[in-house]
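What's in coords-v4.cif: mmCIF, C-alpha atoms
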```
data_structure
loop_
_atom_site.group_PDB
_atom_site.id
_atom_site.type_symbol
_atom_site.label_atom_id
_atom_site.label_comp_id
_atom_site.auth_asym_id
_atom_site.auth_seq_id
_atom_site.Cartn_x
_atom_site.Cartn_y
_atom_site.Cartn_z
ATOM 1 C CA MET A 6 203.802 -46.570 83.312
ATOM 2 C CA ALA A 7 205.054 -49.262 80.942
ATOM 3 C CA ALA A 8 207.710 -50.217 83.482
ATOM 4 C CA LEU A 9 205.082 -50.452 86.173
ATOM 5 C CA ARG A 10 202.945 -52.719 84.051
ATOM 6 C CA SER A 11 205.851 -55.056 83.365
ATOM 7 C CA THR A 12 206.316 -55.644 87.066
ATOM 8 C CA ILE A 13 202.798 -56.970 87.448
ATOM 9 C CA ASP A 14 202.820 -60.724 87.661
ATOM 10 C CA THR A 15 200.112 -61.958 85.332
ATOM 11 C CA THR A 16 200.942 -65.620 85.739
ATOM 12 C CA PRO A 17 197.750 -67.391 86.819
ATOM 13 C CA ALA A 18 197.876 -68.239 90.487
ATOM 14 C CA GLN A 19 198.171 -71.948 91.046
ATOM 15 C CA GLY A 20 195.534 -73.166 93.434
ATOM 16 C CA PRO A 21 196.045 -75.969 95.896
ATOM 17 C CA CYS A 22 194.881 -78.487 93.315
ATOM 18 C CA CYS A 23 196.079 -79.515 89.906
ATOM 19 C CA ALA A 24 193.698 -77.730 87.561
ATOM 20 C CA PRO A 25 194.809 -74.229 86.545
ATOM 21 C CA ALA A 26 192.058 -71.669 86.189
ATOM 22 C CA ALA A 27 190.656 -71.581 82.669
ATOM 23 C CA TYR A 28 190.017 -68.114 81.288
ATOM 24 C CA PRO A 29 188.176 -68.245 77.967
ATOM 25 C CA MET A 30 189.511 -64.846 77.026
ATOM 26 C CA VAL A 31 190.516 -63.560 73.594
ATOM 27 C CA ASP A 32 194.284 -63.332 73.167
ATOM 28 C CA ASP A 33 196.236 -60.077 72.855
ATOM 29 C CA ALA A 34 196.390 -60.037 69.056
ATOM 30 C CA THR A 35 192.671 -60.718 68.708
ATOM 31 C CA ALA A 36 191.814 -58.107 71.332
ATOM 32 C CA GLN A 37 193.910 -55.527 69.463
ATOM 33 C CA GLN A 38 192.280 -56.377 66.131
ATOM 34 C CA LEU A 39 188.717 -56.326 67.498
ATOM 35 C CA ALA A 40 189.358 -53.074 69.360
ATOM 36 C CA LYS A 41 190.563 -51.492 66.126
ATOM 37 C CA VAL A 42 187.318 -52.371 64.335
ATOM 38 C CA PHE A 43 185.111 -51.110 67.153
ATOM 39 C CA LYS A 44 187.198 -47.998 67.807
ATOM 40 C CA ALA A 45 186.843 -47.025 64.158
ATOM 41 C CA LEU A 46 183.083 -46.913 64.717
ATOM 42 C CA GLY A 47 183.365 -45.212 68.100
ATOM 43 C CA ASP A 48 182.652 -41.814 66.598
ATOM 44 C CA PRO A 49 179.263 -40.437 65.494
ATOM 45 C CA ASN A 50 180.610 -38.990 62.235
ATOM 46 C CA ARG A 51 182.211 -42.268 61.244
ATOM 47 C CA ILE A 52 178.949 -44.023 62.109
ATOM 48 C CA LYS A 53 177.171 -41.686 59.693
ATOM 49 C CA LEU A 54 179.776 -42.140 56.963
ATOM 50 C CA PHE A 55 179.679 -45.922 57.336
ATOM 51 C CA SER A 56 175.873 -45.932 57.263
ATOM 52 C CA LEU A 57 175.894 -43.920 54.041
ATOM 53 C CA ILE A 58 178.296 -46.333 52.372
ATOM 54 C CA THR A 59 176.602 -49.527 53.556
ATOM 55 C CA ALA A 60 173.206 -48.206 52.433
ATOM 56 C CA SER A 61 174.390 -47.008 49.048
ATOM 57 C CA ALA A 62 172.290 -48.518 46.271
ATOM 58 C CA SER A 63 175.298 -48.664 43.953
ATOM 59 C CA GLY A 64 177.441 -50.492 46.521
ATOM 60 C CA GLU A 65 179.948 -47.678 46.757
ATOM 61 C CA MET A 66 180.198 -43.974 47.410
ATOM 62 C CA CYS A 67 182.455 -41.253 46.101
ATOM 63 C CA VAL A 68 184.138 -39.107 48.744
ATOM 64 C CA CYS A 69 182.641 -36.176 46.840
ATOM 65 C CA ASP A 70 179.152 -37.361 47.889
ATOM 66 C CA LEU A 71 180.069 -37.951 51.542
ATOM 67 C CA THR A 72 180.949 -34.429 52.611
ATOM 68 C CA GLU A 73 177.537 -32.771 52.258
ATOM 69 C CA PRO A 74 175.414 -35.241 54.278
ATOM 70 C CA VAL A 75 177.753 -35.160 57.267
ATOM 71 C CA GLY A 76 178.561 -31.457 56.940
ATOM 72 C CA LEU A 77 182.317 -31.915 57.173
ATOM 73 C CA SER A 78 185.189 -30.781 54.974
ATOM 74 C CA GLN A 79 186.692 -33.231 52.530
ATOM 75 C CA PRO A 80 190.028 -33.488 54.421
ATOM 76 C CA THR A 81 188.116 -34.326 57.597
ATOM 77 C CA VAL A 82 185.986 -36.900 55.804
ATOM 78 C CA SER A 83 189.131 -38.407 54.254
ATOM 79 C CA HIS A 84 190.696 -38.691 57.716
ATOM 80 C CA HIS A 85 187.647 -40.518 59.052
ATOM 81 C CA MET A 86 187.548 -42.762 55.989
ATOM 82 C CA LYS A 87 191.225 -43.668 56.489
ATOM 83 C CA LEU A 88 190.379 -45.089 59.915
ATOM 84 C CA LEU A 89 187.473 -47.099 58.473
ATOM 85 C CA VAL A 90 189.762 -48.466 55.734
ATOM 86 C CA GLU A 91 192.500 -49.381 58.242
ATOM 87 C CA ALA A 92 189.938 -51.219 60.368
ATOM 88 C CA GLY A 93 188.888 -53.261 57.335
ATOM 89 C CA LEU A 94 185.343 -51.900 57.371
ATOM 90 C CA VAL A 95 185.538 -50.371 53.891
ATOM 91 C CA THR A 96 187.863 -50.553 50.914
ATOM 92 C CA ARG A 97 189.091 -47.557 48.937
ATOM 93 C CA GLU A 98 189.528 -47.270 45.199
ATOM 94 C CA GLN A 99 191.010 -44.218 43.514
ATOM 95 C CA ARG A 100 189.405 -43.465 40.165
ATOM 96 C CA GLY A 101 190.735 -40.339 38.534
ATOM 97 C CA LYS A 102 190.272 -37.385 40.855
ATOM 98 C CA TRP A 103 188.055 -39.105 43.408
ATOM 99 C CA ALA A 104 188.270 -41.899 45.947
ATOM 100 C CA TYR A 105 185.399 -44.386 46.059
ATOM 101 C CA TYR A 106 184.561 -46.476 49.106
ATOM 102 C CA GLN A 107 182.917 -49.889 49.226
ATOM 103 C CA PRO A 108 181.732 -51.609 52.424
ATOM 104 C CA THR A 109 183.548 -54.792 53.429
ATOM 105 C CA THR A 110 180.830 -57.361 53.908
ATOM 106 C CA GLY A 111 180.846 -59.066 57.238
ATOM 107 C CA THR A 112 183.740 -57.373 59.031
ATOM 108 C CA LEU A 113 181.527 -55.752 61.641
ATOM 109 C CA VAL A 114 179.102 -58.628 62.110
ATOM 110 C CA ASP A 115 181.999 -61.091 62.371
ATOM 111 C CA ALA A 116 183.616 -58.884 65.022
ATOM 112 C CA ALA A 117 180.370 -58.797 66.982
ATOM 113 C CA ARG A 118 180.104 -62.582 66.726
ATOM 114 C CA ALA A 119 183.536 -63.002 68.308
ATOM 115 C CA PHE A 120 181.648 -62.849 71.582
ATOM 116 C CA THR A 121 179.266 -65.543 72.634
ATOM 117 C CA ALA A 122 176.614 -63.150 73.970
ATOM 118 C CA MET B 24 167.545 -51.931 69.079
ATOM 119 C CA ALA B 25 165.210 -52.737 66.201
ATOM 120 C CA ALA B 26 164.028 -49.171 66.595
ATOM 121 C CA LEU B 27 167.422 -48.017 65.417
ATOM 122 C CA ARG B 28 166.652 -49.075 61.893
ATOM 123 C CA SER B 29 163.476 -47.055 61.829
ATOM 124 C CA THR B 30 165.333 -43.890 62.769
ATOM 125 C CA ILE B 31 167.364 -43.862 59.587
ATOM 126 C CA ASP B 32 166.361 -40.684 57.810
ATOM 127 C CA THR B 33 165.651 -41.470 54.205
ATOM 128 C CA THR B 34 164.197 -38.067 53.467
ATOM 129 C CA PRO B 35 166.018 -36.763 50.413
ATOM 130 C CA ALA B 36 167.917 -33.538 50.933
ATOM 131 C CA GLN B 37 166.409 -30.801 48.810
ATOM 132 C CA GLY B 38 169.091 -29.393 46.583
ATOM 133 C CA PRO B 39 168.886 -26.364 44.310
ATOM 134 C CA CYS B 40 167.974 -28.537 41.352
ATOM 135 C CA CYS B 41 165.208 -30.941 40.635
ATOM 136 C CA ALA B 42 166.831 -34.276 41.465
ATOM 137 C CA PRO B 43 167.284 -34.549 45.204
ATOM 138 C CA ALA B 44 170.084 -36.754 46.447
ATOM 139 C CA ALA B 45 168.912 -39.535 48.740
ATOM 140 C CA TYR B 46 171.013 -39.959 51.858
ATOM 141 C CA PRO B 47 169.909 -42.950 53.935
ATOM 142 C CA MET B 48 171.998 -41.892 56.918
ATOM 143 C CA VAL B 49 171.460 -42.599 60.615
ATOM 144 C CA ASP B 50 170.288 -39.522 62.535
ATOM 145 C CA ASP B 51 172.347 -37.701 65.178
ATOM 146 C CA ALA B 52 170.851 -39.456 68.206
ATOM 147 C CA THR B 53 171.272 -42.902 66.677
ATOM 148 C CA ALA B 54 174.834 -42.113 65.609
ATOM 149 C CA GLN B 55 175.651 -41.007 69.175
ATOM 150 C CA GLN B 56 174.125 -44.141 70.673
ATOM 151 C CA LEU B 57 175.849 -46.530 68.255
ATOM 152 C CA ALA B 58 179.186 -44.749 68.678
ATOM 153 C CA LYS B 59 178.883 -45.174 72.453
ATOM 154 C CA VAL B 60 178.463 -48.944 72.104
ATOM 155 C CA PHE B 61 181.368 -49.331 69.703
ATOM 156 C CA LYS B 62 183.638 -46.908 71.563
ATOM 157 C CA ALA B 63 183.163 -48.939 74.733
ATOM 158 C CA LEU B 64 184.687 -51.892 72.876
ATOM 159 C CA GLY B 65 187.397 -49.807 71.227
ATOM 160 C CA ASP B 66 189.963 -50.845 73.806
ATOM 161 C CA PRO B 67 191.811 -54.198 74.018
ATOM 162 C CA ASN B 68 191.348 -54.517 77.777
ATOM 163 C CA ARG B 69 187.613 -53.932 77.528
ATOM 164 C CA ILE B 70 187.493 -56.479 74.704
ATOM 165 C CA LYS B 71 189.138 -58.993 77.058
ATOM 166 C CA LEU B 72 186.828 -58.153 79.956
ATOM 167 C CA PHE B 73 183.744 -58.401 77.751
ATOM 168 C CA SER B 74 184.939 -61.725 76.311
ATOM 169 C CA LEU B 75 185.389 -63.128 79.815
ATOM 170 C CA ILE B 76 181.882 -62.106 80.844
ATOM 171 C CA THR B 77 180.152 -63.288 77.675
ATOM 172 C CA ALA B 78 181.942 -66.656 77.878
ATOM 173 C CA SER B 79 181.234 -67.204 81.566
ATOM 174 C CA ALA B 80 179.516 -70.533 82.127
ATOM 175 C CA SER B 81 177.515 -69.110 85.029
ATOM 176 C CA GLY B 82 176.257 -66.156 82.974
ATOM 177 C CA GLU B 83 177.973 -63.607 85.160
ATOM 178 C CA MET B 84 181.348 -62.722 86.612
ATOM 179 C CA CYS B 85 182.460 -61.161 89.862
ATOM 180 C CA VAL B 86 184.808 -58.208 89.554
ATOM 181 C CA CYS B 87 187.061 -60.159 91.887
ATOM 182 C CA ASP B 88 187.571 -62.754 89.135
ATOM 183 C CA LEU B 89 188.207 -60.208 86.368
ATOM 184 C CA THR B 90 191.382 -58.571 87.652
ATOM 185 C CA GLU B 91 193.759 -61.507 87.432
ATOM 186 C CA PRO B 92 193.117 -62.614 83.814
ATOM 187 C CA VAL B 93 193.614 -59.091 82.427
ATOM 188 C CA GLY B 94 196.429 -58.204 84.818
ATOM 189 C CA LEU B 95 194.904 -54.902 85.898
ATOM 190 C CA SER B 96 194.091 -53.409 89.286
ATOM 191 C CA GLN B 97 190.532 -53.558 90.545
ATOM 192 C CA PRO B 98 189.984 -49.773 90.255
ATOM 193 C CA THR B 99 191.141 -49.917 86.628
ATOM 194 C CA VAL B 100 188.902 -52.879 85.900
ATOM 195 C CA SER B 101 185.982 -51.089 87.570
ATOM 196 C CA HIS B 102 186.594 -48.033 85.371
ATOM 197 C CA HIS B 103 186.517 -50.175 82.229
ATOM 198 C CA MET B 104 183.416 -51.986 83.437
ATOM 199 C CA LYS B 105 181.633 -48.669 84.042
ATOM 200 C CA LEU B 106 182.031 -47.825 80.354
ATOM 201 C CA LEU B 107 180.669 -51.229 79.328
ATOM 202 C CA VAL B 108 177.679 -50.744 81.649
ATOM 203 C CA GLU B 109 176.999 -47.222 80.335
ATOM 204 C CA ALA B 110 177.069 -48.557 76.774
ATOM 205 C CA GLY B 111 174.456 -51.164 77.692
ATOM 206 C CA LEU B 112 176.786 -54.078 76.953
ATOM 207 C CA VAL B 113 176.666 -55.484 80.490
ATOM 208 C CA THR B 114 174.593 -54.974 83.607
ATOM 209 C CA ARG B 115 175.997 -54.613 87.105
ATOM 210 C CA GLU B 116 174.646 -56.052 90.317
ATOM 211 C CA GLN B 117 176.135 -55.330 93.720
ATOM 212 C CA ARG B 118 175.996 -58.323 96.066
ATOM 213 C CA GLY B 119 177.641 -57.691 99.394
ATOM 214 C CA LYS B 120 181.227 -56.650 98.909
ATOM 215 C CA TRP B 121 181.455 -57.482 95.206
ATOM 216 C CA ALA B 122 179.965 -56.284 91.936
ATOM 217 C CA TYR B 123 178.784 -58.941 89.490
ATOM 218 C CA TYR B 124 178.459 -58.341 85.759
ATOM 219 C CA GLN B 125 176.093 -60.024 83.312
ATOM 220 C CA PRO B 126 176.237 -59.619 79.511
ATOM 221 C CA THR B 127 173.321 -57.863 77.861
ATOM 222 C CA THR B 128 172.168 -60.201 75.146
ATOM 223 C CA GLY B 129 172.003 -58.720 71.707
ATOM 224 C CA THR B 130 173.212 -55.154 72.281
ATOM 225 C CA LEU B 131 176.352 -55.600 70.220
ATOM 226 C CA VAL B 132 174.867 -57.752 67.467
ATOM 227 C CA ASP B 133 171.892 -55.381 67.156
ATOM 228 C CA ALA B 134 174.269 -52.427 66.870
ATOM 229 C CA ALA B 135 176.194 -54.218 64.128
ATOM 230 C CA ARG B 136 172.940 -54.968 62.325
ATOM 231 C CA ALA B 137 172.030 -51.282 62.261
ATOM 232 C CA PHE B 138 174.072 -51.211 59.063
ATOM 233 C CA THR B 139 172.928 -52.976 55.962
ATOM 234 C CA ALA B 140 176.382 -54.362 55.121
#
```

Step by step, read the file and then write its structure as structure tokens.
Amino acid sequence: MAALRSTIDTTPAQGPCCAPAAYPMVDDATAQQLAKVFKALGDPNRIKLFSLITASASGEMCVCDLTEPVGLSQPTVSHHMKLLVEAGLVTREQRGKWAYYQPTTGTLVDAARAFTA
Amino acid sequence: MAALRSTIDTTPAQGPCCAPAAYPMVDDATAQQLAKVFKALGDPNRIKLFSLITASASGEMCVCDLTEPVGLSQPTVSHHMKLLVEAGLVTREQRGKWAYYQPTTGTLVDAARAFTA
């Protein structure tokens, strides 16, 4: 399929006049980065985990306190948290036995604001 | 989408002891709905399509003008657009031969604001 895609000519068609069509579209790198943020939240369990962390009164949550509310095993929660960390939505800090997660202020809202609507 | 905030269940879980843990977590239905919005944007091509539509000076775009900038076939673009419509991020209007898409103001920003971070 990759070979097929490479044969597609994506060069903008030149019209009869001088002005090339303007496409106010995000570039590839930006599209990849934004998709990563949104994809990380494209799962109900990760939505729940992120909502717990962002609403935490102490500004962080221990992985040991995340498993019970979502009803998932700790390895599963850790997997979900890894995706949220990689997307830049939370940061992770290991303290002794446990990992603690803090929300990254603004990542999600900034991603949403990348669009003009 | 303001209603989303009111669906956050702040009822403390009753544990075996006296001090219940408070879990301000979004409920199942809200988590499903939010995940649907974010998942729809969890793909670089849909990010590009959505950015084209939200940046359109006329407030809408014909599917016939979406294929060339993203370099995808019309059936593929239509598939991506269906997911954006189902997530409530755009609306679709059939006019004659072509479908036209308009951005739904606020859906994405409201979803991002469902979290307190």

For this file, the PyMOL selection byres ((chain A) within 8 of (chain B)) selects which residues, as an NGL selection string?
:A and (13-15 or 17 or 28-33 or 36-37 or 39-50 or 52-57 or 59-61 or 74 or 108-111 or 113-114 or 117-118 or 120-122)

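Within the file as shown, the PyMOL selection byres ((chain A and resi 97) around 9) identifies Met86, Lys87, Val90, Val95, Thr96, Glu98, Gln99, Ala104, Tyr105, Tyr106 and Gln107 of chain A.
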
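Here CA of Val86 in chain B is placed at a distance of 6.6 Å from CA of Trp121 in chain B.
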
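Going from CA of Cys69 in chain A to CA of Lys102 in chain A covers 9.8 Å.
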
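Going from CA of His85 in chain A to CA of Glu65 in chain A covers 16.2 Å.
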
Output, as JSON, the centre and edge lengths in Å (one decimal) of the axis-aligned box that contains all listed atoms of range 86-90 of chain A with 3 Å of margin on each side.
```
{"center_x": 189.3, "center_y": -45.6, "center_z": 57.8, "size_x": 9.8, "size_y": 11.7, "size_z": 10.2}
```
